[in-house]
>>> print(open('upload_11.cif').read())   # mmCIF, C-alpha atoms and all ligand atoms
data_coords
loop_
_atom_site.label_atom_id
_atom_site.label_comp_id
_atom_site.auth_asym_id
_atom_site.auth_seq_id
_atom_site.Cartn_x
_atom_site.Cartn_y
_atom_site.Cartn_z
CA MET A 136 19.42 -189.14 -3.78
CA GLU A 137 15.93 -188.69 -5.19
CA SER A 138 14.41 -185.24 -4.67
CA PRO A 139 11.56 -185.36 -2.16
CA PHE A 140 9.71 -182.82 -4.32
CA LYS A 141 7.42 -183.57 -7.25
CA LYS A 142 8.97 -180.69 -9.18
CA ASN A 143 11.94 -178.41 -8.61
CA ILE A 144 10.95 -175.13 -10.21
CA LEU A 145 13.29 -172.22 -10.78
CA ILE A 146 11.42 -168.91 -10.77
CA THR A 147 13.67 -166.02 -11.84
CA GLY A 148 12.86 -162.47 -10.81
CA GLY A 149 10.67 -163.73 -7.98
CA ALA A 150 11.47 -160.74 -5.77
CA GLY A 151 10.04 -158.30 -8.32
CA PHE A 152 6.49 -157.14 -8.82
CA ILE A 153 4.89 -159.93 -10.88
CA GLY A 154 7.44 -162.53 -9.77
CA SER A 155 6.52 -162.15 -6.11
CA HIS A 156 2.86 -162.87 -6.91
CA VAL A 157 3.81 -165.92 -8.98
CA VAL A 158 6.14 -167.24 -6.25
CA ARG A 159 3.46 -166.72 -3.57
CA LEU A 160 0.83 -168.53 -5.62
CA MET A 161 3.10 -171.48 -6.45
CA VAL A 162 4.48 -171.88 -2.91
CA ASN A 163 1.02 -171.76 -1.34
CA ASN A 164 -0.91 -173.79 -3.91
CA TYR A 165 1.68 -176.50 -4.58
CA PRO A 166 3.35 -177.65 -1.36
CA GLY A 167 4.70 -180.67 -3.29
CA TYR A 168 6.83 -178.42 -5.53
CA ARG A 169 10.09 -176.85 -4.42
CA ILE A 170 10.16 -173.24 -5.55
CA VAL A 171 13.65 -171.80 -6.00
CA ASN A 172 13.39 -168.04 -6.33
CA LEU A 173 16.49 -166.70 -8.08
CA ASP A 174 16.90 -162.95 -8.09
CA LYS A 175 19.76 -160.46 -8.29
CA LEU A 176 17.84 -158.01 -6.08
CA THR A 177 18.30 -154.99 -8.32
CA TYR A 178 16.54 -151.75 -7.34
CA ALA A 179 13.30 -153.49 -8.48
CA GLY A 180 13.70 -156.64 -6.38
CA ASN A 181 12.71 -156.67 -2.76
CA LEU A 182 12.50 -159.66 -0.44
CA ALA A 183 10.02 -157.77 1.73
CA ASN A 184 7.52 -158.61 -1.05
CA LEU A 185 7.69 -162.24 0.08
CA ARG A 186 7.77 -162.12 3.89
CA ASP A 187 4.65 -164.28 4.15
CA VAL A 188 6.22 -167.24 2.32
CA GLN A 189 9.90 -166.95 3.26
CA ASP A 190 9.72 -169.64 5.98
CA LYS A 191 7.71 -172.22 4.03
CA PRO A 192 9.51 -175.57 3.68
CA ASN A 193 9.06 -175.63 -0.10
CA TYR A 194 10.57 -172.15 -0.66
CA LEU A 195 14.19 -171.22 -1.17
CA PHE A 196 15.87 -167.98 -2.18
CA VAL A 197 19.09 -167.74 -4.20
CA LYS A 198 20.70 -164.38 -4.83
CA ALA A 199 22.30 -164.60 -8.28
CA ASP A 200 22.60 -162.80 -11.58
CA ILE A 201 21.15 -164.49 -14.67
CA CYS A 202 24.02 -162.91 -16.63
CA ASP A 203 26.45 -165.21 -14.79
CA PHE A 204 26.35 -168.39 -16.88
CA ASN A 205 28.42 -170.56 -14.53
CA ALA A 206 26.25 -169.57 -11.60
CA MET A 207 23.18 -170.62 -13.61
CA LEU A 208 24.74 -174.02 -14.41
CA ARG A 209 25.48 -174.51 -10.71
CA VAL A 210 21.93 -173.62 -9.68
CA PHE A 211 20.41 -176.08 -12.18
CA GLU A 212 22.67 -178.85 -10.84
CA GLU A 213 22.50 -178.06 -7.16
CA TYR A 214 18.72 -177.80 -6.99
CA ARG A 215 18.01 -180.35 -9.72
CA ILE A 216 15.89 -177.85 -11.55
CA ASP A 217 13.38 -179.46 -13.89
CA SER A 218 11.21 -176.47 -14.83
CA VAL A 219 11.73 -172.74 -15.21
CA ILE A 220 9.38 -169.79 -15.00
CA HIS A 221 11.53 -166.92 -16.22
CA LEU A 222 10.49 -163.42 -15.17
CA ALA A 223 13.81 -161.73 -14.31
CA ALA A 224 14.27 -158.68 -16.49
CA GLU A 225 14.89 -155.00 -16.66
CA SER A 226 11.28 -153.92 -17.09
CA HIS A 227 10.89 -150.14 -17.24
CA VAL A 228 10.63 -148.47 -20.67
CA ASP A 229 11.90 -145.09 -19.41
CA ARG A 230 15.05 -146.67 -17.99
CA SER A 231 15.59 -148.53 -21.27
CA ILE A 232 15.70 -145.19 -23.06
CA THR A 233 18.51 -143.89 -20.85
CA ASP A 234 20.38 -147.21 -20.40
CA PRO A 235 19.68 -149.63 -23.28
CA PHE A 236 22.81 -151.73 -22.64
CA SER A 237 21.60 -153.14 -19.35
CA PHE A 238 18.37 -154.22 -21.10
CA ALA A 239 20.28 -156.12 -23.79
CA GLN A 240 22.53 -157.61 -21.12
CA THR A 241 19.85 -158.85 -18.72
CA ASN A 242 16.90 -159.48 -21.02
CA VAL A 243 18.73 -160.96 -23.99
CA MET A 244 22.00 -162.40 -22.65
CA GLY A 245 20.47 -163.36 -19.31
CA THR A 246 17.68 -165.27 -21.06
CA LEU A 247 20.18 -166.96 -23.37
CA ASN A 248 22.27 -168.05 -20.36
CA LEU A 249 19.22 -169.64 -18.75
CA LEU A 250 18.17 -171.38 -21.97
CA GLU A 251 21.64 -172.84 -22.42
CA ALA A 252 21.93 -173.88 -18.77
CA ALA A 253 18.50 -175.51 -19.05
CA ARG A 254 19.45 -177.31 -22.27
CA ARG A 255 22.68 -178.69 -20.79
CA SER A 256 21.17 -179.93 -17.59
CA TRP A 257 17.66 -180.81 -18.68
CA ARG A 258 15.97 -183.54 -16.68
CA GLY A 259 12.97 -185.07 -18.36
CA SER A 260 10.21 -183.40 -20.22
CA ASN A 261 9.32 -180.37 -18.16
CA LEU A 262 9.01 -176.80 -19.23
CA PHE A 263 10.94 -173.56 -19.84
CA TYR A 264 8.25 -170.90 -19.45
CA HIS A 265 9.21 -167.41 -20.65
CA VAL A 266 7.13 -164.50 -19.35
CA SER A 267 6.96 -161.71 -21.90
CA THR A 268 5.08 -158.58 -22.82
CA ASP A 269 2.57 -157.42 -25.44
CA GLU A 270 4.95 -154.53 -26.20
CA VAL A 271 6.86 -156.82 -28.59
CA TYR A 272 3.95 -156.41 -31.03
CA GLY A 273 4.57 -152.66 -31.38
CA ALA A 274 1.96 -149.93 -31.22
CA LEU A 275 -1.65 -149.75 -32.45
CA GLU A 276 -3.57 -146.81 -33.88
CA PHE A 277 -6.85 -146.04 -32.11
CA ASN A 278 -8.90 -147.98 -34.65
CA ASP A 279 -6.60 -150.95 -35.20
CA ALA A 280 -7.65 -154.47 -34.26
CA LEU A 281 -6.16 -155.98 -31.08
CA PHE A 282 -2.83 -157.82 -30.93
CA THR A 283 -3.25 -161.56 -31.45
CA GLU A 284 -0.69 -164.36 -31.17
CA GLU A 285 -0.19 -163.99 -34.95
CA THR A 286 0.61 -160.26 -34.90
CA ARG A 287 4.03 -159.55 -36.40
CA TYR A 288 6.70 -158.45 -33.93
CA ASP A 289 7.45 -154.73 -34.27
CA PRO A 290 9.09 -153.47 -31.07
CA HIS A 291 9.96 -149.77 -30.74
CA SER A 292 11.58 -149.16 -27.35
CA PRO A 293 14.90 -150.66 -26.23
CA TYR A 294 12.85 -152.52 -23.59
CA SER A 295 10.45 -154.09 -26.08
CA ALA A 296 13.29 -154.79 -28.54
CA SER A 297 15.14 -156.70 -25.80
CA LYS A 298 12.03 -158.68 -24.86
CA ALA A 299 11.35 -159.47 -28.54
CA ALA A 300 14.93 -160.71 -28.94
CA SER A 301 14.57 -162.92 -25.86
CA ASP A 302 11.27 -164.35 -27.18
CA HIS A 303 13.05 -165.21 -30.45
CA PHE A 304 15.85 -166.99 -28.56
CA VAL A 305 13.31 -169.01 -26.59
CA ARG A 306 11.60 -170.14 -29.83
CA ALA A 307 14.99 -170.84 -31.41
CA TYR A 308 15.87 -173.19 -28.54
CA HIS A 309 12.60 -175.00 -29.08
CA ASP A 310 13.00 -175.29 -32.83
CA THR A 311 16.73 -176.06 -32.83
CA TYR A 312 17.30 -178.17 -29.72
CA GLY A 313 13.78 -179.34 -28.93
CA LEU A 314 13.72 -177.56 -25.57
CA PRO A 315 10.12 -177.65 -24.32
CA VAL A 316 9.15 -173.99 -24.08
CA VAL A 317 6.06 -171.85 -23.75
CA ILE A 318 5.76 -168.05 -23.97
CA SER A 319 3.07 -165.70 -22.74
CA ASN A 320 2.76 -162.05 -23.71
CA CYS A 321 0.82 -159.99 -21.22
CA SER A 322 -0.59 -156.47 -21.13
CA ASN A 323 0.24 -153.83 -18.47
CA ASN A 324 -0.06 -155.16 -14.92
CA TYR A 325 -1.08 -153.26 -11.80
CA GLY A 326 -1.52 -154.14 -8.14
CA PRO A 327 0.46 -154.47 -4.87
CA TYR A 328 4.29 -154.47 -4.78
CA GLN A 329 4.83 -152.62 -8.08
CA PHE A 330 7.87 -150.37 -7.96
CA PRO A 331 6.68 -146.73 -7.94
CA GLU A 332 8.40 -145.75 -11.18
CA LYS A 333 5.53 -147.22 -13.22
CA LEU A 334 2.45 -145.12 -13.83
CA ILE A 335 -0.05 -146.48 -11.31
CA PRO A 336 2.02 -146.73 -8.08
CA LEU A 337 3.96 -143.55 -8.95
CA PHE A 338 0.76 -141.56 -9.32
CA ILE A 339 -0.95 -143.03 -6.23
CA ASN A 340 2.13 -142.11 -4.19
CA ASN A 341 2.31 -138.61 -5.66
CA ILE A 342 -1.41 -137.92 -5.17
CA ARG A 343 -1.08 -138.98 -1.56
CA ASN A 344 1.94 -136.71 -1.09
CA ASN A 345 0.45 -133.76 -3.06
CA LYS A 346 3.23 -133.95 -5.64
CA PRO A 347 2.86 -133.11 -9.37
CA LEU A 348 1.57 -135.90 -11.64
CA PRO A 349 3.84 -135.92 -14.71
CA VAL A 350 1.57 -136.86 -17.64
CA TYR A 351 3.58 -137.57 -20.78
CA GLY A 352 2.42 -135.72 -23.91
CA LYS A 353 -1.34 -135.16 -23.95
CA GLY A 354 -2.19 -138.16 -21.80
CA GLU A 355 -3.94 -139.75 -24.77
CA ASN A 356 -1.91 -142.96 -24.97
CA VAL A 357 -3.89 -146.11 -24.30
CA ARG A 358 -2.84 -149.10 -22.20
CA ASP A 359 -4.70 -152.33 -21.46
CA TRP A 360 -4.56 -153.04 -17.71
CA LEU A 361 -4.67 -156.37 -15.87
CA TYR A 362 -4.64 -157.03 -12.12
CA VAL A 363 -1.38 -158.78 -11.27
CA GLU A 364 -2.97 -161.73 -9.46
CA ASP A 365 -4.98 -162.51 -12.59
CA HIS A 366 -1.68 -162.59 -14.51
CA ALA A 367 -0.21 -164.95 -11.90
CA ARG A 368 -3.26 -167.25 -12.23
CA ALA A 369 -2.84 -167.28 -16.00
CA ILE A 370 0.84 -168.21 -15.62
CA ASP A 371 -0.11 -171.08 -13.30
CA LEU A 372 -2.64 -172.35 -15.83
CA ILE A 373 -0.31 -172.06 -18.84
CA PHE A 374 2.55 -173.65 -16.88
CA HIS A 375 0.40 -176.69 -16.13
CA ARG A 376 -1.82 -176.95 -19.20
CA GLY A 377 -0.34 -174.79 -21.95
CA LYS A 378 0.73 -176.49 -25.18
CA THR A 379 4.51 -176.84 -25.50
CA GLY A 380 5.91 -174.59 -28.22
CA ASP A 381 2.88 -172.31 -28.10
CA THR A 382 2.35 -168.63 -27.32
CA TYR A 383 -0.53 -167.28 -25.23
CA ASN A 384 -1.63 -163.67 -25.02
CA ILE A 385 -2.86 -162.51 -21.61
CA GLY A 386 -5.01 -159.42 -21.11
CA GLY A 387 -8.26 -158.24 -19.64
CA PHE A 388 -9.88 -156.44 -22.61
CA ASN A 389 -9.53 -153.35 -20.44
CA GLU A 390 -8.24 -150.34 -22.38
CA TRP A 391 -7.81 -146.97 -20.72
CA LYS A 392 -6.58 -143.65 -22.03
CA ASN A 393 -3.88 -142.53 -19.55
CA ILE A 394 -5.63 -139.30 -18.60
CA ASP A 395 -8.93 -141.09 -17.88
CA LEU A 396 -7.17 -143.66 -15.74
CA ILE A 397 -5.32 -140.88 -13.88
CA LYS A 398 -8.66 -139.24 -13.08
CA VAL A 399 -10.00 -142.53 -11.68
CA MET A 400 -6.91 -142.79 -9.46
CA ILE A 401 -7.33 -139.19 -8.28
CA LYS A 402 -10.98 -139.77 -7.45
CA THR A 403 -10.22 -142.97 -5.55
CA VAL A 404 -7.29 -141.60 -3.53
CA ASP A 405 -9.15 -138.36 -2.70
CA ARG A 406 -12.20 -140.32 -1.53
CA LEU A 407 -10.18 -142.73 0.60
CA LEU A 408 -8.21 -139.87 2.18
CA GLY A 409 -11.38 -137.89 2.86
CA ARG A 410 -10.42 -135.09 0.49
CA LYS A 411 -12.90 -133.08 -1.60
CA GLU A 412 -13.84 -134.90 -4.83
CA GLY A 413 -11.36 -134.07 -7.59
CA GLU A 414 -9.24 -131.91 -5.27
CA SER A 415 -6.02 -133.45 -6.55
CA GLU A 416 -6.76 -132.81 -10.24
CA LYS A 417 -4.72 -129.63 -9.83
CA LEU A 418 -1.63 -131.88 -9.55
CA ILE A 419 -1.92 -132.99 -13.18
CA THR A 420 1.14 -131.61 -14.99
CA TYR A 421 1.65 -132.22 -18.69
CA VAL A 422 5.34 -132.86 -19.40
CA THR A 423 7.47 -133.60 -22.47
CA ASP A 424 6.39 -136.84 -24.11
CA ARG A 425 8.40 -140.05 -23.79
CA ALA A 426 10.68 -140.59 -26.82
CA GLY A 427 9.05 -143.06 -29.24
CA HIS A 428 5.98 -143.31 -26.98
CA ASP A 429 3.79 -146.18 -28.25
CA LEU A 430 0.28 -144.85 -28.81
CA ARG A 431 -1.81 -147.85 -27.86
CA TYR A 432 -1.48 -151.43 -26.61
CA ALA A 433 -4.50 -153.72 -26.61
CA ILE A 434 -4.42 -157.47 -26.55
CA ASP A 435 -6.77 -160.25 -27.57
CA SER A 436 -6.60 -163.08 -25.02
CA ALA A 437 -9.40 -165.16 -26.60
CA LYS A 438 -7.07 -168.14 -27.15
CA LEU A 439 -6.34 -168.38 -23.43
CA LYS A 440 -10.05 -168.25 -22.65
CA ASP A 441 -11.09 -170.72 -25.35
CA GLU A 442 -8.32 -173.27 -24.77
CA LEU A 443 -7.68 -173.03 -21.04
CA GLY A 444 -10.80 -171.30 -19.70
CA TRP A 445 -8.92 -168.35 -18.13
CA GLU A 446 -10.73 -165.09 -17.47
CA PRO A 447 -9.80 -162.06 -15.35
CA SER A 448 -11.46 -162.27 -11.95
CA LEU A 449 -11.65 -158.57 -11.16
CA GLN A 450 -13.48 -155.65 -12.73
CA PHE A 451 -11.10 -152.72 -13.20
CA GLU A 452 -12.86 -150.40 -10.69
CA GLU A 453 -12.57 -153.13 -8.06
CA GLY A 454 -8.89 -153.74 -8.90
CA ILE A 455 -8.02 -150.05 -8.72
CA GLU A 456 -9.81 -149.64 -5.40
CA LYS A 457 -7.92 -152.64 -3.97
CA THR A 458 -4.64 -151.32 -5.34
CA VAL A 459 -5.07 -147.78 -4.01
CA ARG A 460 -6.04 -149.14 -0.59
CA TRP A 461 -2.96 -151.39 -0.58
CA TYR A 462 -0.55 -148.52 -1.29
CA LEU A 463 -2.24 -146.24 1.22
CA ASP A 464 -2.02 -149.00 3.85
CA HIS A 465 1.62 -149.83 3.06
CA GLN A 466 3.33 -146.48 3.34
CA ASP A 467 6.23 -148.26 5.10
CA TRP A 468 6.82 -150.41 2.00
CA LEU A 469 6.72 -147.29 -0.22
CA ASP A 470 9.04 -145.36 2.10
CA ASN A 471 11.45 -148.26 2.08
CA VAL A 472 11.64 -148.67 -1.72
CA THR A 473 11.68 -144.93 -2.41
CA SER A 474 14.66 -144.17 -0.22
CA GLY A 475 18.21 -144.23 -1.60
CA ASP A 476 18.64 -144.65 -5.36
CA TYR A 477 15.01 -143.84 -6.10
CA GLN A 478 15.55 -140.20 -5.12
CA GLN A 479 18.30 -139.82 -7.73
CA TYR A 480 16.22 -141.57 -10.37
CA TYR A 481 13.24 -139.32 -9.64
CA LYS A 482 15.32 -136.16 -9.83
CA LYS A 483 16.92 -137.23 -13.12
CA MET A 484 13.53 -138.10 -14.67
CA TYR A 485 11.31 -135.36 -13.34
CA GLY A 486 13.60 -132.66 -11.90
CA ASP A 487 12.94 -131.14 -8.50
P1 LIG A 501 10.23 -155.88 -12.02
O1 LIG A 501 11.17 -154.89 -12.59
O2 LIG A 501 9.30 -155.48 -10.94
O3 LIG A 501 11.06 -157.13 -11.44
C1 LIG A 501 12.14 -157.69 -12.12
C2 LIG A 501 12.87 -158.61 -11.15
O4 LIG A 501 13.97 -159.21 -11.87
C3 LIG A 501 13.45 -157.90 -9.93
O5 LIG A 501 13.20 -158.65 -8.77
C4 LIG A 501 14.95 -157.84 -10.23
O6 LIG A 501 15.75 -157.85 -9.06
C5 LIG A 501 15.14 -159.10 -11.06
N1 LIG A 501 16.31 -159.02 -11.94
C6 LIG A 501 16.63 -158.00 -12.78
N2 LIG A 501 17.79 -158.27 -13.39
C7 LIG A 501 18.22 -159.49 -12.94
C8 LIG A 501 19.34 -160.30 -13.21
N3 LIG A 501 20.30 -159.90 -14.07
N4 LIG A 501 19.44 -161.50 -12.59
C9 LIG A 501 18.50 -161.91 -11.71
N5 LIG A 501 17.42 -161.16 -11.40
C10 LIG A 501 17.27 -159.96 -12.01
O7 LIG A 501 9.46 -156.50 -13.26
P2 LIG A 501 7.95 -157.00 -13.39
O8 LIG A 501 7.09 -155.86 -13.72
O9 LIG A 501 7.64 -157.85 -12.23
O10 LIG A 501 8.08 -157.91 -14.69
C11 LIG A 501 8.44 -159.29 -14.59
C12 LIG A 501 8.48 -159.88 -15.99
O11 LIG A 501 7.20 -159.76 -16.59
C13 LIG A 501 9.47 -159.20 -16.92
O12 LIG A 501 10.08 -160.18 -17.71
C14 LIG A 501 8.60 -158.27 -17.76
O13 LIG A 501 9.16 -158.09 -19.03
C15 LIG A 501 7.32 -159.09 -17.84
N6 LIG A 501 6.08 -158.30 -18.00
C16 LIG A 501 5.83 -157.22 -17.20
C17 LIG A 501 4.63 -156.53 -17.34
C18 LIG A 501 4.27 -155.37 -16.45
O14 LIG A 501 3.25 -154.72 -16.68
N7 LIG A 501 5.01 -155.10 -15.40
C19 LIG A 501 3.71 -156.91 -18.34
C20 LIG A 501 4.02 -158.01 -19.16
C21 LIG A 501 5.21 -158.70 -18.97
P1 LIG A 502 4.40 -147.41 -17.65
O1 LIG A 502 3.73 -147.71 -16.36
O2 LIG A 502 5.81 -146.96 -17.64
O3 LIG A 502 4.22 -148.71 -18.57
P2 LIG A 502 4.54 -148.92 -20.17
O4 LIG A 502 5.34 -147.79 -20.66
O5 LIG A 502 5.31 -150.19 -20.16
O6 LIG A 502 3.20 -149.03 -20.82
O7 LIG A 502 3.54 -146.29 -18.40
C1 LIG A 502 2.16 -146.46 -18.67
C2 LIG A 502 1.69 -145.27 -19.46
O8 LIG A 502 1.78 -144.09 -18.63
C3 LIG A 502 2.55 -144.99 -20.68
O9 LIG A 502 1.71 -144.54 -21.75
C4 LIG A 502 3.47 -143.85 -20.23
C5 LIG A 502 2.61 -143.09 -19.24
N1 LIG A 502 3.36 -142.42 -18.14
C6 LIG A 502 3.17 -141.06 -17.88
O10 LIG A 502 2.35 -140.38 -18.54
N2 LIG A 502 3.87 -140.47 -16.87
C7 LIG A 502 4.76 -141.17 -16.11
O11 LIG A 502 5.41 -140.57 -15.20
C8 LIG A 502 4.94 -142.58 -16.36
C9 LIG A 502 5.90 -143.40 -15.57
C10 LIG A 502 4.21 -143.17 -17.40
#
>>> encode(input="upload_11.cif", output="structure tokens")
Amino acid sequence: MESPFKKNILITGGAGFIGSHVVRLMVNNYPGYRIVNLDKLTYAGNLANLRDVQDKPNYLFVKADICDFNAMLRVFEEYRIDSVIHLAAESHVDRSITDPFSFAQTNVMGTLNLLEAARRSWRGSNLFYHVSTDEVYGALEFNDALFTEETRYDPHSPYSASKAASDHFVRAYHDTYGLPVVISNCSNNYGPYQFPEKLIPLFINNIRNNKPLPVYGKGENVRDWLYVEDHARAIDLIFHRGKTGDTYNIGGFNEWKNIDLIKVMIKTVDRLLGRKEGESEKLITYVTDRAGHDLRYAIDSAKLKDELGWEPSLQFEEGIEKTVRWYLDHQDWLDNVTSGDYQQYYKKMYGD
């Protein structure tokens, strides 16, 4: 029987932070596509992130592990998958330092399983879209030029090494088997539904709860921040109009030194909670630096702008304000994801 849908798209990792924004955008904007969200629901995956789309007729959830090759073959057949947007991954650098094996397993072997399942059951000329990170390019000094699509891969953390390896496999499947692929490498994302182990939601939650803010090293490392919905819009655009076989960098030309960003968060949370300006600066606590801590990430997304006309829609101050408000208004979501395993993780990372 013919599928009643124009496309049957497999989105992996759709219950995670970025994945949930991509799923929401695709389900709402393209009612003619069937969106199959495949997720293992690790500690980082949460179906509560998708309550508003769970009953839509073009949305379907499958709980599965991308490391299970036979399960992937079955999913491609059963749902007649013709395109993939692959986001499922272990994504936190700190966890990759304590447990590198699970990063190789999920990010490398899981990606390889999907590529092979896609190759064996490919229907027509659609796309395998791999969502990756700018961390594969390594670290910049303060005065270095930005990462471009031509920058040599030079990953340092087990996380970035695993993402680099998966990028290489994706290109290998294009070059060897002719699988139509595209890759995007994005800078640090922030916004609603991010698991509070990453800097921005962790610190908003701690400021709110008057808990210490563990700043690694001197707080001088630089990250380039992009609002998550702008990333999702870029993925939509590249999925539909990107050139097969190409790579696109995604970023907002928005570099912040960690300590400066932390002060903006403190100011915003204090203001919104009616505290005295800067009251929570006393929570800043300098702690031992992360092992192999990359000094600076900064990405040049000019290609995406020039070729596909993408630009970030939000100024950073606006994005941070929206984000802080969201976390303050969704204490139930935070309480839910920070119960259970999170407590053990927090204790192991930061002590009591
Ligand atoms: P996340 O950790 O919030 O979500 C990852 C999702 O993948 C979760 O829902 C989890 O349950 C799922 N998952 C993990 N292992 C799985 C497995 N074996 N099988 C099936 N599902 C599994 O991650 P995120 O921040 O949303 O990142 C999504 C993707 O974007 C990742 O590939 C990451 O490398 C990439 N990326 C992230 C950022 C960022 O700033 N967060 C920036 C650039 C690229
Ligand atoms: P993170 O959100 O983990 O993203 P990434 O390591 O992928 O860039 O960290 C962002 C920056 O914040 C990074 O330089 C490490 C720093 N950081 C802290 O100083 N303290 C923390 O508790 C965390 C989680 C991160």
>>> residues_near_ligand(input="upload_11.cif", ligand="ligand LIG 502 (chain A)", cutoff="10 Å", atoms="all atoms listed in the file", output="number ranges by chain")
A: 226-230, 268-270, 292, 294-295, 322-325, 329-338, 347-360, 391-394, 396-397, 420-425, 428-432, 481, 484-485
>>> closest_atom_pairs(input="upload_11.cif", of="chain A", to="ligand LIG 501 (chain A)", cutoff="6 Å", atoms="only C-alpha atoms and all ligand atoms", output="JSON lines")
{"residue": "A:Gly148", "atom": "CA", "partner": "A:LIG501", "partner_atom": "O4", "distance": 3.6}
{"residue": "A:Gly149", "atom": "CA", "partner": "A:LIG501", "partner_atom": "O5", "distance": 5.7}
{"residue": "A:Ala150", "atom": "CA", "partner": "A:LIG501", "partner_atom": "O5", "distance": 4.0}
{"residue": "A:Gly151", "atom": "CA", "partner": "A:LIG501", "partner_atom": "O5", "distance": 3.2}
{"residue": "A:Phe152", "atom": "CA", "partner": "A:LIG501", "partner_atom": "O9", "distance": 3.7}
{"residue": "A:Ile153", "atom": "CA", "partner": "A:LIG501", "partner_atom": "O9", "distance": 3.7}
{"residue": "A:Gly154", "atom": "CA", "partner": "A:LIG501", "partner_atom": "O9", "distance": 5.3}
{"residue": "A:Asp174", "atom": "CA", "partner": "A:LIG501", "partner_atom": "N5", "distance": 3.8}
{"residue": "A:Lys175", "atom": "CA", "partner": "A:LIG501", "partner_atom": "C9", "distance": 3.9}
{"residue": "A:Leu176", "atom": "CA", "partner": "A:LIG501", "partner_atom": "O6", "distance": 3.6}
{"residue": "A:Thr177", "atom": "CA", "partner": "A:LIG501", "partner_atom": "O6", "distance": 3.9}
{"residue": "A:Ala179", "atom": "CA", "partner": "A:LIG501", "partner_atom": "C3", "distance": 4.6}
{"residue": "A:Gly180", "atom": "CA", "partner": "A:LIG501", "partner_atom": "O5", "distance": 3.2}
{"residue": "A:Ala199", "atom": "CA", "partner": "A:LIG501", "partner_atom": "C9", "distance": 5.8}
{"residue": "A:Asp200", "atom": "CA", "partner": "A:LIG501", "partner_atom": "N4", "distance": 3.6}
{"residue": "A:Ile201", "atom": "CA", "partner": "A:LIG501", "partner_atom": "N4", "distance": 4.0}
{"residue": "A:Cys202", "atom": "CA", "partner": "A:LIG501", "partner_atom": "N3", "distance": 5.4}
{"residue": "A:Leu222", "atom": "CA", "partner": "A:LIG501", "partner_atom": "O12", "distance": 4.1}
{"residue": "A:Ala223", "atom": "CA", "partner": "A:LIG501", "partner_atom": "O4", "distance": 3.5}
{"residue": "A:Ala224", "atom": "CA", "partner": "A:LIG501", "partner_atom": "C6", "distance": 4.4}
{"residue": "A:Glu225", "atom": "CA", "partner": "A:LIG501", "partner_atom": "C6", "distance": 5.2}
{"residue": "A:Ser226", "atom": "CA", "partner": "A:LIG501", "partner_atom": "O1", "distance": 4.6}
{"residue": "A:Thr241", "atom": "CA", "partner": "A:LIG501", "partner_atom": "N3", "distance": 4.8}
{"residue": "A:Val266", "atom": "CA", "partner": "A:LIG501", "partner_atom": "O12", "distance": 5.5}
{"residue": "A:Ser267", "atom": "CA", "partner": "A:LIG501", "partner_atom": "C21", "distance": 4.6}
{"residue": "A:Thr268", "atom": "CA", "partner": "A:LIG501", "partner_atom": "C20", "distance": 3.9}
{"residue": "A:Cys321", "atom": "CA", "partner": "A:LIG501", "partner_atom": "C20", "distance": 4.3}
{"residue": "A:Ser322", "atom": "CA", "partner": "A:LIG501", "partner_atom": "C19", "distance": 5.1}
{"residue": "A:Asn323", "atom": "CA", "partner": "A:LIG501", "partner_atom": "O14", "distance": 3.6}
{"residue": "A:Asn324", "atom": "CA", "partner": "A:LIG501", "partner_atom": "O14", "distance": 3.8}
>>> residues_around(input="upload_11.cif", residues="A:Asn143", least_positions_apart="6", cutoff="9 Å", atoms="all atoms listed in the file", output="list of chain:residue names")
A:Tyr168, A:Arg169, A:Ile170, A:Val171, A:Tyr214, A:Arg215, A:Ile216, A:Asp217, A:Ser218, A:Val219
>>> residues_around(input="upload_11.cif", residues="A:Asn345", least_positions_apart="5", cutoff="12 Å", atoms="only C-alpha atoms", output="PyMOL selection string")
chain A and resi 337-340+401+404-405+408+410+414-419
>>> residues_around(input="upload_11.cif", residues="A:Leu372", least_positions_apart="2", cutoff="12 Å", atoms="all atoms listed in the file", output="list in words")
Val157, Leu160, Met161, Tyr264, Val317, Ser319, Asp365, His366, Ala367, Arg368, Ala369, Ile370, Phe374, His375, Arg376, Gly377, Lys378, Tyr383, Ile385, Leu439, Lys440, Glu442, Leu443, Gly444, Trp445 and Glu446 of chain A
>>> write_last_selection(input="upload_11.cif", atoms="C-alpha atoms", output="CSV table (one decimal), in the coordinates of the input")
chain,number,residue,atom,x,y,z
A,157,VAL,CA,3.8,-165.9,-9.0
A,160,LEU,CA,0.8,-168.5,-5.6
A,161,MET,CA,3.1,-171.5,-6.4
A,264,TYR,CA,8.2,-170.9,-19.4
A,317,VAL,CA,6.1,-171.8,-23.8
A,319,SER,CA,3.1,-165.7,-22.7
A,365,ASP,CA,-5.0,-162.5,-12.6
A,366,HIS,CA,-1.7,-162.6,-14.5
A,367,ALA,CA,-0.2,-165.0,-11.9
A,368,ARG,CA,-3.3,-167.2,-12.2
A,369,ALA,CA,-2.8,-167.3,-16.0
A,370,ILE,CA,0.8,-168.2,-15.6
A,374,PHE,CA,2.6,-173.6,-16.9
A,375,HIS,CA,0.4,-176.7,-16.1
A,376,ARG,CA,-1.8,-177.0,-19.2
A,377,GLY,CA,-0.3,-174.8,-22.0
A,378,LYS,CA,0.7,-176.5,-25.2
A,383,TYR,CA,-0.5,-167.3,-25.2
A,385,ILE,CA,-2.9,-162.5,-21.6
A,439,LEU,CA,-6.3,-168.4,-23.4
A,440,LYS,CA,-10.0,-168.2,-22.6
A,442,GLU,CA,-8.3,-173.3,-24.8
A,443,LEU,CA,-7.7,-173.0,-21.0
A,444,GLY,CA,-10.8,-171.3,-19.7
A,445,TRP,CA,-8.9,-168.4,-18.1
A,446,GLU,CA,-10.7,-165.1,-17.5
